[in-house]
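Q: Take a look at the following structure, please.
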Amino acid sequence: MVRSDESFTLGDYRRRYAQYKSDPHLQAAHHAAPWIVTWDDHEVANDYAGLRDERMAADFAARRAAAYQAFYEHMPLRLPHVRRDGFSQVPLFQRYDWGRLARLHVLDDRQYRSPQACAKAANRGGSNAVFARACEALSDPRRTMLGAEQEAWLESGLATSRATWNILAQQTLMAQSSSVPVIQPGDGRFWTDGWDGYPAARKRLLDTIVRQGAHNPLVLGGDVHTFYATSLRPDFSKPVSKQNPVVAAEFVGTSVTSSSRPQQQTLEHVEKNPHMQYGRSDKRGYMLLEVTAKRTVTHFMGVDDVREAKSGIAELASFRVDEGVPGAVRIS
């Protein structure tokens with residue numbers, strides 16, 4: 001089914017950006033601070049993967065190129081070049097150094113990924129909720145989220161970093177997120193569009209962080225319309241140990257305006273995933289990070305009413321990550 005409000009052509013995407021950019025509050029936000037941006041699926045089409053959309057459209061490559069061009073035209077980007085064949089690809093993954101304090105590794109987990117595993121039907125792309133034991137493709141080590149080139153680029157960036165903090169800014173929740181309790185390895189029910197749909201690729205990334213000895217890694221995410229604080233480790237089915245250490249703290253921001261599931265469901269979800277320290281889905285808002293040489297403090301900020309420009313805003317929770325100590329401690 002094609003939605004009437006979707007964009008398909010370059011003109012469609014340009015008009016949508018013009019609509020958003022006409023918001024004076026968004027304009028003020030761009031004036032207030034520099035922006036570092038990446039994308040996810042809805043800059044192009046829901047749950048697309050590489051060159052495949054959920055409709056398996058034959059002309060999707062052209063639609064993606066149009067969306068990429070509009071993104072390039074309207075967003076603050078520092079890109080080295082545009083390919084000679086136009087916008088069939090855009091090298092969006094970027095590295096930014098904030099002196100010796102922080103290195104930001106900005107990832108693109110949408111453009112180069114393998115198609116989602118175990119789609120709902122043979123002729124349909126897109127995501128699905130699957131039991132791990134019923135979807136053998138999930139464990140295929142050849143499946144990728146970042147692509148080989150970007151994986152190698154990230155490994156090099158971590159190996160050469162001399163920053164106090166290595167911050168991985170990427171699109172979605174990285175921690176394992178099962179909708180049923182995981183009793184033993186191989187259990188779990190997972191949504192295939194996120195990192196849970198690419199567990200081998202996730203383990204490669206986390207193993208790379210350990211192997212390169214990346215100093216103070218932090219992972220930032222979004223997409224899931226929920227605030228999360230999690231502890232990342234290479235194998236989520238095993239307890240924390242010397243062989244399976246906490247690798248990094250992860251902080252996920254909620255949606256700015258889009259709704260989410262009831263908070264009670266999120267609390268039940270956190271209980272089923274013991275590496276999740278916090279979840280909040282009944283508030284819209286943003287994350288605010290204070291990064292210093294000794295610690296990083298993350299504040300989850302929620303607004304009272306997203307429909308009101310002068311809405312009140314309050315801190316929902318905050319977490320501290322101390323220099324040299326992986327993992328987060330809640331402080332409020």
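Chain lettering (A, B, ...) mirrors the order of the structure tokens, residue numbering begins at 1 for each chain separately, and ligand numbering begins at 1 in order of display.
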Which of range 32-91 of chain A end up as helix (DSSP H, G or I) when DSSP is run on this backbone - answer as a ChimeraX atom specification?

A: /A:32,41-43,60-74

Q: Could you write out the selected residues, including N, CA and C atoms, as a PDB file, in the first residue's frame?

A:
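This went into part33.pdb:
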ATOM      1  N   ALA A  32      21.529  28.199  17.087  1.00  0.00           N
ATOM      2  CA  ALA A  32      22.036  28.148  18.460  1.00  0.00           C
ATOM      3  C   ALA A  32      23.299  27.322  18.607  1.00  0.00           C
ATOM      4  N   ASP A  41      16.046   5.427   8.492  1.00  0.00           N
ATOM      5  CA  ASP A  41      15.228   4.989   7.353  1.00  0.00           C
ATOM      6  C   ASP A  41      14.303   6.068   6.809  1.00  0.00           C
ATOM      7  N   HIS A  42      13.714   6.896   7.672  1.00  0.00           N
ATOM      8  CA  HIS A  42      12.649   7.785   7.207  1.00  0.00           C
ATOM      9  C   HIS A  42      13.139   8.996   6.427  1.00  0.00           C
ATOM     10  N   GLU A  43      14.434   9.164   6.281  1.00  0.00           N
ATOM     11  CA  GLU A  43      14.924  10.122   5.305  1.00  0.00           C
ATOM     12  C   GLU A  43      14.691   9.614   3.886  1.00  0.00           C
ATOM     13  N   PHE A  60      13.500   1.378  -6.626  1.00  0.00           N
ATOM     14  CA  PHE A  60      13.870   1.958  -5.340  1.00  0.00           C
ATOM     15  C   PHE A  60      15.222   2.668  -5.386  1.00  0.00           C
ATOM     16  N   ALA A  61      16.158   2.198  -6.195  1.00  0.00           N
ATOM     17  CA  ALA A  61      17.478   2.843  -6.267  1.00  0.00           C
ATOM     18  C   ALA A  61      17.342   4.312  -6.666  1.00  0.00           C
ATOM     19  N   ALA A  62      16.446   4.601  -7.603  1.00  0.00           N
ATOM     20  CA  ALA A  62      16.239   5.984  -8.038  1.00  0.00           C
ATOM     21  C   ALA A  62      15.597   6.813  -6.928  1.00  0.00           C
ATOM     22  N   ARG A  63      14.660   6.206  -6.204  1.00  0.00           N
ATOM     23  CA  ARG A  63      14.027   6.920  -5.102  1.00  0.00           C
ATOM     24  C   ARG A  63      15.055   7.224  -4.008  1.00  0.00           C
ATOM     25  N   ARG A  64      15.909   6.245  -3.694  1.00  0.00           N
ATOM     26  CA  ARG A  64      16.921   6.469  -2.671  1.00  0.00           C
ATOM     27  C   ARG A  64      17.882   7.572  -3.081  1.00  0.00           C
ATOM     28  N   ALA A  65      18.289   7.592  -4.337  1.00  0.00           N
ATOM     29  CA  ALA A  65      19.205   8.625  -4.821  1.00  0.00           C
ATOM     30  C   ALA A  65      18.575  10.010  -4.696  1.00  0.00           C
ATOM     31  N   ALA A  66      17.280  10.117  -4.995  1.00  0.00           N
ATOM     32  CA  ALA A  66      16.588  11.398  -4.860  1.00  0.00           C
ATOM     33  C   ALA A  66      16.561  11.847  -3.405  1.00  0.00           C
ATOM     34  N   ALA A  67      16.278  10.904  -2.501  1.00  0.00           N
ATOM     35  CA  ALA A  67      16.238  11.236  -1.076  1.00  0.00           C
ATOM     36  C   ALA A  67      17.611  11.643  -0.566  1.00  0.00           C
ATOM     37  N   TYR A  68      18.655  10.928  -1.011  1.00  0.00           N
ATOM     38  CA  TYR A  68      20.010  11.268  -0.594  1.00  0.00           C
ATOM     39  C   TYR A  68      20.401  12.668  -1.083  1.00  0.00           C
ATOM     40  N   GLN A  69      20.015  13.009  -2.294  1.00  0.00           N
ATOM     41  CA  GLN A  69      20.352  14.334  -2.819  1.00  0.00           C
ATOM     42  C   GLN A  69      19.663  15.425  -2.003  1.00  0.00           C
ATOM     43  N   ALA A  70      18.383  15.215  -1.691  1.00  0.00           N
ATOM     44  CA  ALA A  70      17.657  16.216  -0.913  1.00  0.00           C
ATOM     45  C   ALA A  70      18.252  16.365   0.488  1.00  0.00           C
ATOM     46  N   PHE A  71      18.663  15.257   1.084  1.00  0.00           N
ATOM     47  CA  PHE A  71      19.310  15.308   2.394  1.00  0.00           C
ATOM     48  C   PHE A  71      20.599  16.128   2.303  1.00  0.00           C
ATOM     49  N   TYR A  72      21.397  15.848   1.283  1.00  0.00           N
ATOM     50  CA  TYR A  72      22.663  16.562   1.078  1.00  0.00           C
ATOM     51  C   TYR A  72      22.422  18.057   0.876  1.00  0.00           C
ATOM     52  N   GLU A  73      21.363  18.410   0.164  1.00  0.00           N
ATOM     53  CA  GLU A  73      21.073  19.811  -0.134  1.00  0.00           C
ATOM     54  C   GLU A  73      20.595  20.593   1.088  1.00  0.00           C
ATOM     55  N   HIS A  74      19.946  19.916   2.031  1.00  0.00           N
ATOM     56  CA  HIS A  74      19.246  20.634   3.089  1.00  0.00           C
ATOM     57  C   HIS A  74      19.856  20.472   4.485  1.00  0.00           C
TER      58      HIS A  74
END

Q: Just list as JSON, numbers by chain whatever in range 55-303 of chain A DSSP marks as strand (DSSP E or B).

A: {"A": [94, 95, 96, 97, 98, 102, 103, 104, 105, 106, 129, 130, 131, 165, 166, 167, 168, 169, 189, 190, 191, 217, 218, 219, 220, 221, 227, 228, 229, 230, 231, 232, 248, 249, 250, 251, 252, 276, 277, 278, 279, 280, 285, 286, 287, 288, 289, 290, 291, 295, 296, 297, 298, 299, 300, 301, 302, 303]}

Q: Kindly save the residues from that selection, with C-alpha atoms included, as a compact mmCIF listing (two decimals), in the first residue's frame.

A:
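Just written: result.txt:
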# COMPACT_ATOMS: atom_id res chain seq x y z
CA GLN A 94 32.32 10.75 9.47
CA ARG A 95 34.85 11.33 12.25
CA TYR A 96 35.03 14.50 14.34
CA ASP A 97 37.67 15.32 16.96
CA TRP A 98 36.90 17.74 19.79
CA ALA A 102 36.37 13.41 22.50
CA ARG A 103 36.35 11.70 19.14
CA LEU A 104 32.92 11.28 17.57
CA HIS A 105 32.56 8.30 15.25
CA VAL A 106 29.33 9.04 13.34
CA ALA A 129 9.39 -9.68 14.88
CA VAL A 130 10.88 -13.17 15.00
CA PHE A 131 11.86 -15.82 17.51
CA TRP A 165 36.18 9.66 25.12
CA ASN A 166 35.23 7.70 22.00
CA ILE A 167 31.60 8.44 21.24
CA LEU A 168 29.82 6.27 18.67
CA ALA A 169 26.83 8.18 17.34
CA ARG A 189 12.06 -12.66 20.22
CA PHE A 190 13.56 -9.73 18.32
CA TRP A 191 12.64 -6.94 15.93
CA PRO A 217 33.63 4.21 24.60
CA LEU A 218 30.08 5.56 24.72
CA VAL A 219 27.30 4.59 22.31
CA LEU A 220 24.46 6.99 21.45
CA GLY A 221 21.29 5.87 19.68
CA PHE A 227 14.84 6.74 26.47
CA TYR A 228 17.18 3.89 27.37
CA ALA A 229 20.36 3.49 29.40
CA THR A 230 22.04 0.13 28.86
CA SER A 231 25.28 -1.74 29.48
CA LEU A 232 26.79 -3.25 26.33
CA ALA A 248 30.43 0.54 26.96
CA ALA A 249 27.50 2.47 28.30
CA GLU A 250 24.73 3.19 25.83
CA PHE A 251 22.30 6.10 25.94
CA VAL A 252 19.29 6.24 23.63
CA MET A 276 18.89 -2.38 30.48
CA GLN A 277 19.18 0.00 33.41
CA TYR A 278 16.43 2.42 32.44
CA GLY A 279 13.58 2.88 30.00
CA ARG A 280 11.09 5.72 29.62
CA GLY A 285 12.36 15.08 24.58
CA TYR A 286 16.11 14.85 24.10
CA MET A 287 19.43 13.90 25.73
CA LEU A 288 21.95 16.40 27.06
CA LEU A 289 25.54 15.23 27.63
CA GLU A 290 28.12 17.02 29.75
CA VAL A 291 31.54 15.69 28.70
CA ARG A 295 33.33 12.02 33.58
CA THR A 296 30.39 12.20 31.22
CA VAL A 297 26.94 12.92 32.61
CA THR A 298 23.88 12.19 30.48
CA HIS A 299 20.59 13.92 31.26
CA PHE A 300 17.31 12.61 29.86
CA MET A 301 15.10 15.66 29.38
CA GLY A 302 11.34 15.36 28.90
CA VAL A 303 8.83 18.03 27.88

Q: Using only C-alpha atoms, can you tell me which of A:Gly126, A:Ser177, A:Val329, A:Trp39 comes closest to Leu92 in chain A?

A: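 Smallest separation from Leu92 in chain A among the options: A:Trp39.
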
Q: When you draw a straight line from CA of Ala214 in chain A to CA of Glu323 in chain A, how long is it in Å?

A: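 Computing it gives 12.2 Å between the two atoms.
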
Q: My list of candidates is A:Ala201, A:Val182, A:Val90, A:Ala159. Which is closest to Arg142 in chain A when distances are computed with only C-alpha atoms?

A: A:Ala201

Q: Measuring between only C-alpha atoms, which one of A:Thr226, A:Thr144, A:Thr266, A:Ser127 shows the shortest distance to Thr172 in chain A?

A: A:Thr226

Q: Residues at most 8 Å from Arg233 in chain A, counting only C-alpha atoms, excluding those fewer than 6 positions away in the same chain, as a list in words?

A: Leu206, Val240, Asn244, Pro245, Val246, Val247 and Ala248 of chain A

Q: Would you mind exporting the chosen residues as a short mmCIF file (atom, residue, chain, number, x, y, z; two decimals), in the first residue's frame, restricted to N, CA and C atoms?

A:
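Saved file selection_26.cif follows:
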data_model
loop_
_atom_site.label_atom_id
_atom_site.label_comp_id
_atom_site.auth_asym_id
_atom_site.auth_seq_id
_atom_site.Cartn_x
_atom_site.Cartn_y
_atom_site.Cartn_z
N LEU A 206 31.44 -4.71 18.93
CA LEU A 206 31.82 -4.68 20.33
C LEU A 206 33.17 -5.36 20.56
N VAL A 240 28.04 -10.93 33.08
CA VAL A 240 29.27 -10.16 33.00
C VAL A 240 30.40 -10.94 33.66
N ASN A 244 33.54 -11.73 29.38
CA ASN A 244 32.38 -11.07 28.79
C ASN A 244 32.11 -9.76 29.53
N PRO A 245 33.03 -8.80 29.39
CA PRO A 245 32.94 -7.58 30.20
C PRO A 245 31.92 -6.58 29.67
N VAL A 246 31.54 -5.65 30.53
CA VAL A 246 30.81 -4.48 30.05
C VAL A 246 31.77 -3.68 29.19
N VAL A 247 31.41 -3.45 27.94
CA VAL A 247 32.27 -2.78 26.98
C VAL A 247 32.03 -1.27 26.97
N ALA A 248 30.76 -0.88 27.07
CA ALA A 248 30.43 0.54 26.96
C ALA A 248 29.06 0.79 27.56
#

Q: What gap, in Å, lies between CA of Asp140 in chain A and CA of Arg110 in chain A?

A: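 Separation of CA of Asp140 in chain A and CA of Arg110 in chain A: 18.4 Å.
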
Q: Considering only C-alpha atoms, can you say which of A:Leu267, A:Ile331, A:Met145, A:Val180 comes closest to Arg202 in chain A?

A: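 The shortest atom-to-atom distance to Arg202 in chain A comes from A:Met145.
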
Q: Which one is closest to Arg204 in chain A: A:Arg14, A:Lys238, A:His31, A:Arg143? Count only C-alpha atoms.

A: A:Arg143

Q: Just the number, please: distance in Å from CA of Gly147 in chain A to CA of Thr192 in chain A, one decimal.

A: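 Separating CA of Gly147 in chain A from CA of Thr192 in chain A is a distance of 16.9 Å.
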
Q: Name all residues at most 9 Å from Ser7 in chain A (count only C-alpha atoms; drop same-chain ones fewer than 3 positions away) and give them as a list of chain:residue names.

A: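 After dropping sequence-adjacent residues, the list is A:Ser4, A:Leu10, A:Gly11, A:Asp12, A:Tyr13, A:Arg15, A:Arg16, A:Val44, A:Ala45, A:Arg63, A:Ala67.
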
Q: Go ahead and write the residues just picked, N, CA and C atoms, as an mmCIF file, in the first residue's frame.

A:
data_model
loop_
_atom_site.group_PDB
_atom_site.id
_atom_site.type_symbol
_atom_site.label_atom_id
_atom_site.label_comp_id
_atom_site.auth_asym_id
_atom_site.auth_seq_id
_atom_site.Cartn_x
_atom_site.Cartn_y
_atom_site.Cartn_z
ATOM 1 N N SER A 4 -0.330 8.317 0.749
ATOM 2 C CA SER A 4 -0.425 9.523 -0.072
ATOM 3 C C SER A 4 0.528 10.615 0.397
ATOM 4 N N LEU A 10 12.601 13.613 -6.256
ATOM 5 C CA LEU A 10 13.435 14.677 -5.709
ATOM 6 C C LEU A 10 12.588 15.883 -5.330
ATOM 7 N N GLY A 11 11.614 16.217 -6.160
ATOM 8 C CA GLY A 11 10.719 17.323 -5.836
ATOM 9 C C GLY A 11 9.930 17.075 -4.563
ATOM 10 N N ASP A 12 9.445 15.838 -4.385
ATOM 11 C CA ASP A 12 8.718 15.487 -3.164
ATOM 12 C C ASP A 12 9.575 15.707 -1.932
ATOM 13 N N TYR A 13 10.791 15.171 -1.974
ATOM 14 C CA TYR A 13 11.673 15.288 -0.809
ATOM 15 C C TYR A 13 12.057 16.737 -0.561
ATOM 16 N N ARG A 15 10.291 19.407 -1.170
ATOM 17 C CA ARG A 15 9.142 20.091 -0.569
ATOM 18 C C ARG A 15 8.987 19.716 0.899
ATOM 19 N N ARG A 16 9.262 18.459 1.244
ATOM 20 C CA ARG A 16 9.144 18.043 2.637
ATOM 21 C C ARG A 16 10.190 18.741 3.505
ATOM 22 N N VAL A 44 14.385 8.321 3.771
ATOM 23 C CA VAL A 44 14.133 7.710 2.455
ATOM 24 C C VAL A 44 12.785 6.994 2.458
ATOM 25 N N ALA A 45 12.722 5.848 3.171
ATOM 26 C CA ALA A 45 11.509 5.035 3.210
ATOM 27 C C ALA A 45 11.566 4.138 4.429
ATOM 28 N N ARG A 63 14.660 6.206 -6.204
ATOM 29 C CA ARG A 63 14.027 6.920 -5.102
ATOM 30 C C ARG A 63 15.055 7.224 -4.008
ATOM 31 N N ALA A 67 16.278 10.904 -2.501
ATOM 32 C CA ALA A 67 16.238 11.236 -1.076
ATOM 33 C C ALA A 67 17.611 11.643 -0.566
#

Q: Have a look at A:Gly253, A:Gly213, A:Gly312, A:Pro199 and name the one nearest to Pro326 in chain A; count only C-alpha atoms.

A: A:Gly213
